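Peer 1: What follows is entry.cif; its format and atoms are mmCIF, C-alpha atoms and all ligand atoms.
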```
data_work
loop_
_atom_site.label_atom_id
_atom_site.label_comp_id
_atom_site.auth_asym_id
_atom_site.auth_seq_id
_atom_site.Cartn_x
_atom_site.Cartn_y
_atom_site.Cartn_z
CA MET A 186 -27.01 -7.32 20.96
CA THR A 187 -27.79 -5.63 17.62
CA ALA A 188 -26.53 -7.33 14.46
CA LEU A 189 -23.71 -5.63 12.57
CA PRO A 190 -24.63 -4.03 9.23
CA GLU A 191 -24.01 -6.26 6.21
CA LEU A 192 -21.27 -5.43 3.69
CA PRO A 193 -22.60 -4.19 0.30
CA ALA A 194 -24.05 -7.28 -1.43
CA ALA A 195 -22.26 -6.57 -4.73
CA PHE A 196 -18.91 -6.29 -2.91
CA GLU A 197 -19.39 -9.50 -0.96
CA GLU A 198 -20.45 -11.41 -4.09
CA ARG A 199 -17.26 -10.33 -5.86
CA LEU A 200 -15.16 -11.27 -2.84
CA ARG A 201 -16.66 -14.77 -2.88
CA VAL A 202 -15.38 -15.15 -6.46
CA ILE A 203 -11.95 -13.62 -5.82
CA VAL A 204 -10.88 -15.24 -2.52
CA PRO A 205 -10.10 -18.99 -2.59
CA PRO A 206 -12.79 -21.02 -0.75
CA ALA A 207 -10.30 -22.22 1.89
CA HIS A 208 -9.69 -18.61 3.03
CA LEU A 209 -13.14 -17.11 2.52
CA ALA A 210 -14.52 -17.59 6.05
CA GLU A 211 -11.42 -16.02 7.62
CA ALA A 212 -11.52 -13.15 5.12
CA LEU A 213 -15.20 -12.43 5.79
CA ALA A 214 -14.67 -12.65 9.57
CA SER A 215 -11.90 -10.02 9.32
CA PHE A 216 -14.52 -7.38 8.43
CA THR A 217 -16.19 -7.78 11.83
CA ARG A 218 -13.06 -7.36 13.99
CA PRO A 219 -11.40 -4.16 15.22
CA ARG A 220 -8.43 -3.23 13.06
CA PRO A 221 -5.24 -4.99 14.18
CA LEU A 222 -2.62 -2.62 15.60
CA THR A 223 0.99 -2.38 14.46
CA VAL A 224 3.53 0.42 14.86
CA ARG A 225 6.68 1.00 12.87
CA VAL A 226 9.51 2.42 14.93
CA ASN A 227 11.24 5.32 13.18
CA THR A 228 14.78 3.92 13.16
CA LEU A 229 16.15 7.36 12.21
CA ARG A 230 15.31 8.51 15.72
CA ALA A 231 14.67 5.51 17.96
CA ASP A 232 15.49 1.93 18.78
CA PRO A 233 12.62 -0.63 18.51
CA GLY A 234 13.56 -2.17 21.88
CA ALA A 235 13.38 1.18 23.68
CA VAL A 236 10.02 2.06 22.11
CA ALA A 237 8.68 -1.42 22.96
CA ALA A 238 9.67 -0.86 26.61
CA GLU A 239 7.98 2.55 26.65
CA LEU A 240 4.73 1.16 25.18
CA THR A 241 4.79 -1.84 27.54
CA ALA A 242 5.03 0.57 30.47
CA LEU A 243 1.72 2.06 29.28
CA GLY A 244 0.06 -1.34 29.76
CA LEU A 245 0.16 -2.38 26.09
CA THR A 246 1.10 -5.92 25.08
CA VAL A 247 3.95 -5.48 22.59
CA LEU A 248 5.24 -8.30 20.41
CA PRO A 249 8.03 -8.27 17.80
CA LEU A 250 7.12 -8.73 14.14
CA PRO A 251 9.84 -11.18 13.01
CA TRP A 252 9.60 -10.32 9.29
CA CYS A 253 9.93 -6.56 9.88
CA PRO A 254 12.37 -5.90 12.74
CA GLU A 255 11.51 -2.19 13.01
CA ALA A 256 7.80 -2.94 13.62
CA LEU A 257 5.89 -3.97 16.75
CA HIS A 258 2.60 -5.86 16.88
CA LEU A 259 0.06 -4.95 19.58
CA PRO A 260 -2.59 -7.68 19.72
CA ASP A 261 -5.82 -6.40 21.30
CA GLY A 262 -4.06 -3.10 22.05
CA ASP A 263 -6.03 0.06 22.82
CA ARG A 264 -5.70 2.29 19.72
CA ARG A 265 -6.22 5.47 21.73
CA VAL A 266 -3.49 4.64 24.26
CA LEU A 267 -1.15 3.97 21.34
CA THR A 268 -2.00 7.05 19.27
CA GLU A 269 -1.66 9.29 22.33
CA SER A 270 1.62 7.71 23.47
CA ALA A 271 4.81 9.83 23.46
CA PRO A 272 6.64 7.77 20.77
CA VAL A 273 3.73 8.18 18.30
CA CYS A 274 3.14 11.86 19.14
CA ASP A 275 6.80 12.87 18.85
CA GLY A 276 7.57 10.96 15.62
CA ARG A 277 9.58 8.04 17.01
CA ALA A 278 6.84 5.61 16.00
CA TYR A 279 4.11 5.57 13.34
CA VAL A 280 0.89 3.55 13.50
CA GLN A 281 1.01 1.52 10.31
CA GLY A 282 -0.79 -1.70 9.31
CA GLN A 283 1.17 -4.82 8.46
CA SER A 284 0.09 -4.81 4.80
CA SER A 285 1.37 -1.27 4.42
CA LEU A 286 4.79 -2.41 5.74
CA LEU A 287 4.91 -5.05 3.00
CA ALA A 288 4.97 -2.37 0.28
CA THR A 289 8.35 -1.05 1.44
CA LEU A 290 9.71 -4.57 1.91
CA ALA A 291 8.74 -5.36 -1.70
CA LEU A 292 10.36 -2.11 -2.90
CA ASP A 293 13.57 -2.95 -0.98
CA PRO A 294 15.04 0.61 -1.04
CA ARG A 295 18.77 1.10 -0.27
CA PRO A 296 20.78 4.05 1.13
CA GLY A 297 22.12 6.45 -1.49
CA GLU A 298 19.47 5.77 -4.15
CA GLU A 299 17.18 8.28 -5.87
CA ASN A 300 13.64 7.00 -5.30
CA LEU A 301 10.08 8.18 -5.91
CA ASP A 302 6.86 7.78 -3.93
CA LEU A 303 4.18 8.79 -6.45
CA ALA A 304 1.11 8.85 -4.13
CA ALA A 305 2.57 9.66 -0.77
CA ALA A 306 0.20 11.21 1.84
CA PRO A 307 -0.06 10.82 4.74
CA GLY A 308 3.45 9.39 4.44
CA GLY A 309 3.64 6.09 6.31
CA LYS A 310 5.38 4.38 3.40
CA THR A 311 7.43 7.48 2.48
CA LEU A 312 8.88 7.46 5.99
CA HIS A 313 9.44 3.72 5.99
CA ILE A 314 11.37 4.08 2.71
CA ALA A 315 13.41 7.02 4.10
CA ALA A 316 14.27 4.97 7.19
CA ARG A 317 15.34 1.95 5.11
CA MET A 318 17.48 4.37 3.06
CA ALA A 319 19.05 5.47 6.41
CA ASP A 320 18.15 9.04 5.35
CA ARG A 321 20.84 8.92 2.63
CA GLY A 322 20.15 9.62 -1.05
CA ARG A 323 16.99 11.34 -2.31
CA LEU A 324 13.31 10.51 -2.08
CA ALA A 325 10.76 12.51 -4.09
CA ALA A 326 7.23 12.35 -2.62
CA ILE A 327 4.17 13.45 -4.59
CA GLU A 328 0.71 14.39 -3.27
CA PRO A 329 -1.73 16.61 -5.19
CA ILE A 330 -4.40 17.21 -2.53
CA ARG A 331 -3.57 20.31 -0.49
CA GLY A 332 -4.79 19.17 2.94
CA ARG A 333 -3.14 15.78 2.55
CA PHE A 334 0.07 17.40 1.24
CA PHE A 335 0.41 19.49 4.42
CA ARG A 336 -0.30 16.46 6.62
CA LEU A 337 2.47 14.61 4.75
CA LYS A 338 4.80 17.57 5.23
CA ALA A 339 4.11 17.64 8.99
CA ASN A 340 4.64 13.88 9.34
CA ILE A 341 7.98 14.07 7.54
CA ALA A 342 9.15 16.99 9.69
CA ARG A 343 8.10 15.18 12.88
CA ALA A 344 9.98 12.05 11.85
CA GLY A 345 13.17 13.99 11.09
CA ALA A 346 13.69 12.58 7.56
CA THR A 347 15.86 15.03 5.60
CA ILE A 348 16.08 13.29 2.18
CA VAL A 349 12.41 13.75 1.25
CA ALA A 350 11.66 16.36 -1.45
CA LEU A 351 7.92 17.10 -1.47
CA TYR A 352 5.89 18.08 -4.54
CA GLN A 353 2.23 19.09 -4.56
CA LYS A 354 1.52 17.73 -8.05
CA ASP A 355 -0.60 15.28 -10.01
CA GLY A 356 1.43 12.07 -10.19
CA ARG A 357 0.30 11.53 -13.78
CA ALA A 358 2.52 14.43 -14.89
CA VAL A 359 5.71 13.19 -13.20
CA GLY A 360 6.86 10.53 -15.72
CA GLY A 361 6.77 12.94 -18.66
CA ALA A 362 8.75 15.53 -16.65
CA VAL A 363 11.49 13.17 -15.40
CA PRO A 364 11.62 10.02 -17.59
CA ASP A 365 13.99 7.10 -16.84
CA ARG A 366 15.15 8.74 -13.62
CA PHE A 367 14.41 6.84 -10.42
CA ASP A 368 16.07 3.70 -9.06
CA ARG A 369 12.84 2.64 -7.34
CA VAL A 370 9.28 3.87 -7.62
CA LEU A 371 6.44 3.16 -5.22
CA LEU A 372 2.89 3.61 -6.54
CA ASP A 373 0.57 3.02 -3.58
CA ALA A 374 -2.33 4.00 -5.76
CA PRO A 375 -5.44 5.89 -4.69
CA CYS A 376 -8.14 3.20 -4.76
CA SER A 377 -11.63 2.22 -3.67
CA SER A 378 -10.13 1.19 -0.27
CA GLU A 379 -12.15 -2.03 -0.14
CA ALA A 380 -9.67 -3.59 2.29
CA ARG A 381 -10.49 -0.82 4.78
CA PHE A 382 -14.19 -1.75 4.93
CA THR A 383 -15.36 -2.74 8.40
CA ARG A 384 -18.82 -3.79 9.54
CA LEU A 385 -18.09 -1.87 12.75
CA ASP A 386 -18.36 1.34 10.71
CA PRO A 387 -20.65 1.35 7.66
CA ALA A 388 -19.25 4.78 6.72
CA SER A 389 -16.16 2.81 5.58
CA TRP A 390 -18.03 1.82 2.39
CA ALA A 391 -20.29 4.88 2.04
CA HIS A 392 -18.57 6.00 -1.17
CA TRP A 393 -18.17 2.54 -2.73
CA SER A 394 -19.91 1.46 -5.93
CA PRO A 395 -18.86 -0.46 -9.06
CA ARG A 396 -18.73 2.97 -10.78
CA LYS A 397 -16.21 4.23 -8.18
CA VAL A 398 -14.09 1.15 -8.82
CA ALA A 399 -14.09 1.98 -12.55
CA GLU A 400 -13.17 5.62 -11.83
CA ALA A 401 -10.31 4.54 -9.58
CA ALA A 402 -9.05 2.14 -12.26
CA LYS A 403 -8.95 4.95 -14.83
CA LYS A 404 -6.78 7.12 -12.58
CA GLN A 405 -4.57 4.14 -11.67
CA ARG A 406 -3.83 3.49 -15.37
CA GLY A 407 -2.61 7.07 -15.78
CA LEU A 408 -0.52 6.88 -12.62
CA LEU A 409 1.06 3.54 -13.52
CA ALA A 410 1.98 4.83 -17.00
CA SER A 411 3.66 7.83 -15.37
CA ALA A 412 5.40 5.66 -12.74
CA LEU A 413 6.79 3.31 -15.39
CA THR A 414 8.08 6.22 -17.45
CA ALA A 415 9.78 7.76 -14.39
CA LEU A 416 11.51 4.45 -13.55
CA ARG A 417 15.09 4.09 -14.80
CA PRO A 418 15.79 1.05 -16.98
CA GLY A 419 16.67 -1.84 -14.66
CA GLY A 420 14.89 -0.13 -11.75
CA ARG A 421 12.22 -1.62 -9.49
CA LEU A 422 8.62 -0.46 -9.23
CA VAL A 423 5.98 -1.56 -6.72
CA TYR A 424 2.33 -1.13 -7.66
CA CYS A 425 0.02 -1.72 -4.71
CA THR A 426 -3.53 -0.99 -3.59
CA CYS A 427 -5.78 -1.73 -0.64
CA SER A 428 -8.54 -2.85 -2.99
CA PHE A 429 -9.67 -6.40 -3.82
CA ALA A 430 -11.02 -5.31 -7.22
CA PRO A 431 -9.20 -7.00 -10.14
CA GLU A 432 -10.18 -3.92 -12.21
CA GLU A 433 -7.87 -1.84 -9.95
CA ASN A 434 -5.14 -4.45 -9.65
CA GLU A 435 -4.36 -7.14 -12.23
CA ARG A 436 -6.24 -5.40 -15.05
CA VAL A 437 -4.36 -2.12 -14.59
CA VAL A 438 -1.03 -3.97 -14.67
CA SER A 439 -2.07 -6.33 -17.48
CA ASP A 440 -3.02 -3.40 -19.73
CA ALA A 441 0.31 -1.66 -18.99
CA LEU A 442 2.18 -4.86 -19.88
CA ALA A 443 0.27 -5.10 -23.17
CA ARG A 444 1.29 -1.55 -24.10
CA ARG A 445 4.91 -1.77 -22.94
CA PRO A 446 6.93 -4.79 -24.05
CA GLU A 447 9.94 -3.51 -22.06
CA VAL A 448 8.09 -4.01 -18.75
CA ASP A 449 8.12 -7.32 -16.84
CA VAL A 450 6.67 -8.67 -13.60
CA VAL A 451 9.30 -9.57 -10.98
CA PRO A 452 8.51 -12.52 -8.68
CA TRP A 453 8.21 -11.50 -5.04
CA GLN A 454 7.76 -13.81 -2.07
CA ALA A 455 5.69 -12.20 0.70
CA PRO A 456 7.07 -13.01 4.17
CA ILE A 457 3.55 -13.66 5.54
CA ALA A 458 0.59 -15.98 4.95
CA PRO A 459 -2.10 -16.36 3.76
CA THR A 460 -1.61 -14.94 0.29
CA GLN A 461 -2.86 -15.91 -3.15
CA PRO A 462 -1.23 -15.33 -6.54
CA GLY A 463 -2.51 -12.51 -8.75
CA LEU A 464 -5.50 -13.45 -10.92
CA VAL A 465 -4.84 -14.28 -14.57
CA ARG A 466 -8.47 -14.11 -15.68
CA TRP A 467 -11.36 -11.99 -14.53
CA ASP A 468 -14.89 -11.40 -15.72
CA GLY A 469 -14.46 -13.63 -18.77
CA ARG A 470 -11.22 -11.96 -19.87
CA GLU A 471 -7.74 -13.52 -19.92
CA LEU A 472 -5.08 -11.30 -18.33
CA ASP A 473 -1.31 -11.35 -18.81
CA PRO A 474 -0.18 -14.73 -17.39
CA ARG A 475 2.78 -13.01 -15.67
CA LEU A 476 0.25 -11.59 -13.18
CA VAL A 477 0.54 -14.93 -11.39
CA ARG A 478 3.74 -13.41 -9.89
CA ALA A 479 1.74 -10.65 -8.18
CA VAL A 480 0.68 -11.20 -4.57
CA ARG A 481 -2.76 -10.82 -3.01
CA VAL A 482 -2.43 -10.58 0.76
CA LEU A 483 -5.58 -12.10 2.24
CA PRO A 484 -7.22 -10.36 5.20
CA ASN A 485 -7.20 -12.10 8.58
CA ALA A 486 -7.02 -11.27 12.29
CA GLU A 487 -3.56 -9.69 11.89
CA ARG A 488 -3.74 -7.70 8.69
CA ASP A 489 -5.88 -6.12 5.99
CA GLY A 490 -6.08 -7.33 2.40
CA PHE A 491 -3.52 -5.85 -0.01
CA PHE A 492 -2.35 -6.23 -3.60
CA VAL A 493 1.36 -6.02 -4.46
CA CYS A 494 2.96 -6.33 -7.89
CA VAL A 495 6.68 -5.74 -8.48
CA LEU A 496 7.66 -4.54 -11.96
CA THR A 497 10.86 -3.68 -13.80
CA LYS A 498 11.61 -2.29 -17.23
CA ALA A 499 14.32 -2.88 -19.79
CA ALA A 500 16.13 -0.15 -21.70
CA ALA A 501 13.69 0.84 -24.50
CA SER A 502 11.00 3.05 -23.03
CA ALA A 503 7.59 3.62 -24.64
CA ARG A 504 6.80 7.17 -23.60
CA ASP A 505 3.08 6.96 -23.04
CA ALA A 506 2.82 8.96 -19.85
N1 LIG B 1 1.29 5.87 0.53
C1 LIG B 1 0.45 6.55 1.52
C2 LIG B 1 0.87 6.11 2.92
O1 LIG B 1 1.36 4.99 3.07
O2 LIG B 1 0.70 6.89 3.84
C3 LIG B 1 -1.02 6.33 1.23
C4 LIG B 1 -1.40 6.72 -0.16
S1 LIG B 1 -3.11 6.66 -0.48
C5 LIG B 1 -3.38 4.98 -0.79
C6 LIG B 1 -3.17 7.35 -2.10
C7 LIG B 1 -2.83 8.82 -2.15
O3 LIG B 1 -2.82 9.21 -3.53
C8 LIG B 1 -3.82 9.74 -1.45
O4 LIG B 1 -3.14 10.56 -0.55
C9 LIG B 1 -4.40 10.57 -2.59
O5 LIG B 1 -4.72 11.88 -2.22
C10 LIG B 1 -3.26 10.53 -3.59
N2 LIG B 1 -3.66 10.85 -4.98
C11 LIG B 1 -4.90 11.01 -5.50
N3 LIG B 1 -4.81 11.36 -6.80
C12 LIG B 1 -3.50 11.41 -7.11
C13 LIG B 1 -2.77 11.77 -8.28
N4 LIG B 1 -3.39 12.10 -9.41
N5 LIG B 1 -1.43 11.75 -8.22
C14 LIG B 1 -0.77 11.41 -7.07
N6 LIG B 1 -1.41 11.07 -5.94
C15 LIG B 1 -2.75 11.08 -5.95
#
```
Using C-alpha cells, write down the structure from this file.

Peer 2:
Amino acid sequence: MTALPELPAAFEERLRVIVPPAHLAEALASFTRPRPLTVRVNTLRADPGAVAAELTALGLTVLPLPWCPEALHLPDGDRRVLTESAPVCDGRAYVQGQSSLLATLALDPRPGEENLDLAAAPGGKTLHIAARMADRGRLAAIEPIRGRFFRLKANIARAGATIVALYQKDGRAVGGAVPDRFDRVLLDAPCSSEARFTRLDPASWAHWSPRKVAEAAKKQRGLLASALTALRPGGRLVYCTCSFAPEENERVVSDALARRPEVDVVPWQAPIAPTQPGLVRWDGRELDPRLVRAVRVLPNAERDGFFVCVLTKAAASARDA
C-alpha cells in the first residue's frame, strides 16, 4: 500500500499550534478519511422522512441528525449513489456538510425577514436560509464570478425558492449601496479552504501558501466591512470560513471590532462537539478578547473544520465600506 502524501509542512505546523493538544490526533486523522456525507432535505419541496425512505431504498444507511431536523447523515455512504439519486438531482435534497449547516443555524433566519447572503455560490447556505424562512420575505444573494453565479441560479431554480434575488456583483460594494438594510447577513467568506484539504487528493492544497492566506484575509476585511454596513442596527451577522488560519478568522473580526465601536460579538453555542473558542492571541499579537465568543468547529470523522463568529451592531454606523 502506498503512503498518502503529507499535508504541506507549514500548514501542519500551524495546525499543531492552533488545535488544542487533546483534539490534535483526531483533527490530523480527519485529513486521511473520505469526506463525511450529509444531505439537507429541501423542506420547501419535500419531507425529510420521505427522502430518507427513498435513499434507504437505494441501499444507503440514513441516520437523522438530531441538531438539524431537515438533514440526514449517511455514514460510509457512497457519494456517487447519493449525488445521482432522484432527490438530489431534482432539488429535493442538497449534499451539504455538517459544518455548512451550522452557518444557517447560527444565523437563525425567520420567515418574513429581509436577509443577505454576501458570498452565495453555489448556494447551499442560500437555500438553507430560504427554507428556514419558509420562502417568505426576501433574500438577496451575491456572487461576482460568472460561472459560479449561473450555477447558483440553477440551484435556486431547481430547489423552487422564490424569495431569492440574485446579483452578480462584488460583495464589497453592497454595504455602501444599501447601508443599514438587512435583518440578517451571512458572510461565508471566500477563503483558503484549508478545512477542505484531504490527503486523498493533494490537488486540494495545490493553491495554498501563506501568501494566499494573506490575500484571502485582505478580501475578507473588505467583505466584512461591507457586510457590517449592510446590516441594520440590531441585526445579526454571521462571519464564517472553512479555513483554520487566524489571519482569515479572528484577525479579520478583531480588526473590524477595533474600527467599529458599535459592533459586538454575540455568544453562540454550537450544537455539536468538539469545538474550541476563538483565539484571543496569535503570532505574538493580542486580539479583541470578545473573540473568545467565536466558535472553531474542530474536524473529526463526522465534519470538517469551520470558523463561526456571530456579530451585531448598535445604532451608530461607521461607514467604512
Ligand atoms: N455560501 C456558499 C455555499 O454555501 O454554497 C459558499 C461560498 S464560498 C465559501 C465563497 C464564495 O464567495 C465563492 O463562490 C466566491 O466566488 C465568492 N466570492 C469571491 N469573491 C467575492 C466578492 N468579492 N464578493 C462576493 N463573493 C465573492

Peer 1: Throw together the list of residues within 8 Å of ligand LIG 1 (chain B), counting all atoms listed in the file, and drop it here as a ChimeraX atom specification.

Peer 2: /A:285,302-311,327-330,333-334,337,354-357,372-376,378,404,408,426-427

Peer 1: Got a sec: who's within 12 Å of Ile314 (chain A), counting all atoms listed in the file, leaving out chain neighbours fewer than 5 positions off, as JSON, numbers by chain?

Peer 2: {"A": [225, 227, 228, 229, 285, 286, 287, 288, 289, 290, 291, 292, 293, 294, 295, 296, 297, 298, 299, 300, 301, 302, 305, 308, 309, 319, 320, 321, 322, 323, 324, 325, 326, 341, 346, 348, 349, 369, 370, 371]}

Peer 1: Please, what distance in Å, to one decimal, runs between CA of Ala188 (chain A) and CA of Phe216 (chain A)?

Peer 2: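 Separation between CA of Ala188 (chain A) and CA of Phe216 (chain A): 13.4 Å.
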
Peer 1: Compile the contact shell of Val480 (chain A) as a PyMOL selection string: residues with an atom at most 7 Å away, counting all atoms listed in the file, same-chain residues fewer than 3 positions apart removed.

Peer 2: chain A and resi 460-463+492-494

Peer 1: With a distance cut-off of 12 Å and all atoms listed in the file, select the neighbouring residues of Glu239 (chain A), excluding the residue or stretch itself and same-chain residues fewer than 2 positions from it, and output the selection as an MDAnalysis selection string.

Peer 2: chainID A and resid 226 231:237 241:247 266:267 270:273 277:278

Peer 1: For the atom pair CA of Val448 (chain A) and CA of Arg199 (chain A), what is the interatomic distance in Å to one decimal place?

Peer 2: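 Distance between the two atoms: 29.1 Å.
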
Peer 1: By how many Å are CA of Leu189 (chain A) and CA of Arg201 (chain A) apart?

Peer 2: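 Separating CA of Leu189 (chain A) from CA of Arg201 (chain A) is a distance of 19.3 Å.
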
Peer 1: Need the neighbours of (14.5, 0.5, -16.5): which residues are at most 6 Å away, counting all atoms listed in the file, as a ChimeraX atom specification?

Peer 2: /A:416-420,498-500

Peer 1: Extending 5 Å beyond the listed atoms of region 282-295 of chain A on each side, what axis-aligned box results? I want centre and edge lengths in Å to one decimal, as lines of an AutoDock Vina configuration file.

Peer 2:
```
center_x = 9.0
center_y = -2.1
center_z = 3.2
size_x = 29.6
size_y = 16.5
size_z = 22.2
```

Peer 1: With distances taken over only C-alpha atoms, which of A:Leu483, A:Ala458, A:Ala344, A:Ala362 is nearest to Glu211 (chain A)?

Peer 2: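 The shortest atom-to-atom distance to Glu211 (chain A) comes from A:Leu483.
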
Peer 1: Find, counting only C-alpha atoms, the residue in A:Gly345, A:Gly490, A:Gly361, A:Pro452 that gets nearest to Cys425 (chain A).

Peer 2: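 Of A:Gly345, A:Gly490, A:Gly361, A:Pro452, the one nearest Cys425 (chain A), counting only C-alpha atoms, is A:Gly490.
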
Peer 1: Could you complete region 386-404 of chain A so that it carries N, CA, C and O atoms, and give it back as a short mmCIF file (atom, residue, chain, number, x, y, z; two decimals), in the frame of the given file?

Peer 2:
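Wrote it out as result.cif, contents follow:
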```cif
data_model
loop_
_atom_site.label_atom_id
_atom_site.label_comp_id
_atom_site.auth_asym_id
_atom_site.auth_seq_id
_atom_site.Cartn_x
_atom_site.Cartn_y
_atom_site.Cartn_z
N ASP A 386 -18.16 -0.05 11.13
CA ASP A 386 -18.36 1.34 10.71
C ASP A 386 -18.82 1.39 9.25
O ASP A 386 -18.00 1.43 8.33
N PRO A 387 -20.13 1.38 9.04
CA PRO A 387 -20.65 1.35 7.66
C PRO A 387 -20.20 2.55 6.82
O PRO A 387 -20.22 2.49 5.59
N ALA A 388 -19.76 3.63 7.49
CA ALA A 388 -19.25 4.78 6.72
C ALA A 388 -18.02 4.37 5.89
O ALA A 388 -17.67 5.02 4.91
N SER A 389 -17.37 3.25 6.28
CA SER A 389 -16.16 2.81 5.58
C SER A 389 -16.46 2.46 4.12
O SER A 389 -15.56 2.48 3.29
N TRP A 390 -17.71 2.13 3.80
CA TRP A 390 -18.03 1.82 2.39
C TRP A 390 -19.04 2.80 1.80
O TRP A 390 -19.61 2.56 0.74
N ALA A 391 -19.25 3.93 2.48
CA ALA A 391 -20.29 4.88 2.04
C ALA A 391 -20.08 5.34 0.60
O ALA A 391 -21.04 5.62 -0.12
N HIS A 392 -18.83 5.45 0.17
CA HIS A 392 -18.57 6.00 -1.17
C HIS A 392 -18.32 4.91 -2.20
O HIS A 392 -17.94 5.19 -3.34
N TRP A 393 -18.51 3.64 -1.82
CA TRP A 393 -18.17 2.54 -2.73
C TRP A 393 -19.31 2.25 -3.72
O TRP A 393 -20.49 2.29 -3.35
N SER A 394 -18.96 1.97 -4.94
CA SER A 394 -19.91 1.46 -5.93
C SER A 394 -19.07 0.91 -7.08
O SER A 394 -17.89 1.28 -7.22
N PRO A 395 -19.63 0.02 -7.90
CA PRO A 395 -18.86 -0.46 -9.06
C PRO A 395 -18.38 0.71 -9.94
O PRO A 395 -17.30 0.66 -10.53
N ARG A 396 -19.16 1.82 -9.97
CA ARG A 396 -18.73 2.97 -10.78
C ARG A 396 -17.47 3.62 -10.18
O ARG A 396 -16.55 4.02 -10.91
N LYS A 397 -17.41 3.67 -8.84
CA LYS A 397 -16.21 4.23 -8.18
C LYS A 397 -14.98 3.36 -8.46
O LYS A 397 -13.87 3.87 -8.62
N VAL A 398 -15.20 2.06 -8.51
CA VAL A 398 -14.09 1.15 -8.82
C VAL A 398 -13.58 1.47 -10.23
O VAL A 398 -12.36 1.57 -10.45
N ALA A 399 -14.49 1.67 -11.17
CA ALA A 399 -14.09 1.98 -12.55
C ALA A 399 -13.36 3.32 -12.62
O ALA A 399 -12.35 3.47 -13.33
N GLU A 400 -13.83 4.29 -11.84
CA GLU A 400 -13.17 5.62 -11.83
C GLU A 400 -11.76 5.51 -11.27
O GLU A 400 -10.81 6.10 -11.79
N ALA A 401 -11.64 4.72 -10.18
CA ALA A 401 -10.31 4.54 -9.58
C ALA A 401 -9.37 3.88 -10.58
O ALA A 401 -8.21 4.28 -10.74
N ALA A 402 -9.88 2.88 -11.30
CA ALA A 402 -9.05 2.14 -12.26
C ALA A 402 -8.52 3.08 -13.35
O ALA A 402 -7.38 2.97 -13.79
N LYS A 403 -9.36 4.02 -13.77
CA LYS A 403 -8.95 4.95 -14.83
C LYS A 403 -7.76 5.80 -14.35
O LYS A 403 -6.75 5.96 -15.04
N LYS A 404 -7.88 6.30 -13.12
CA LYS A 404 -6.78 7.12 -12.58
C LYS A 404 -5.52 6.26 -12.39
O LYS A 404 -4.40 6.69 -12.68
#
```
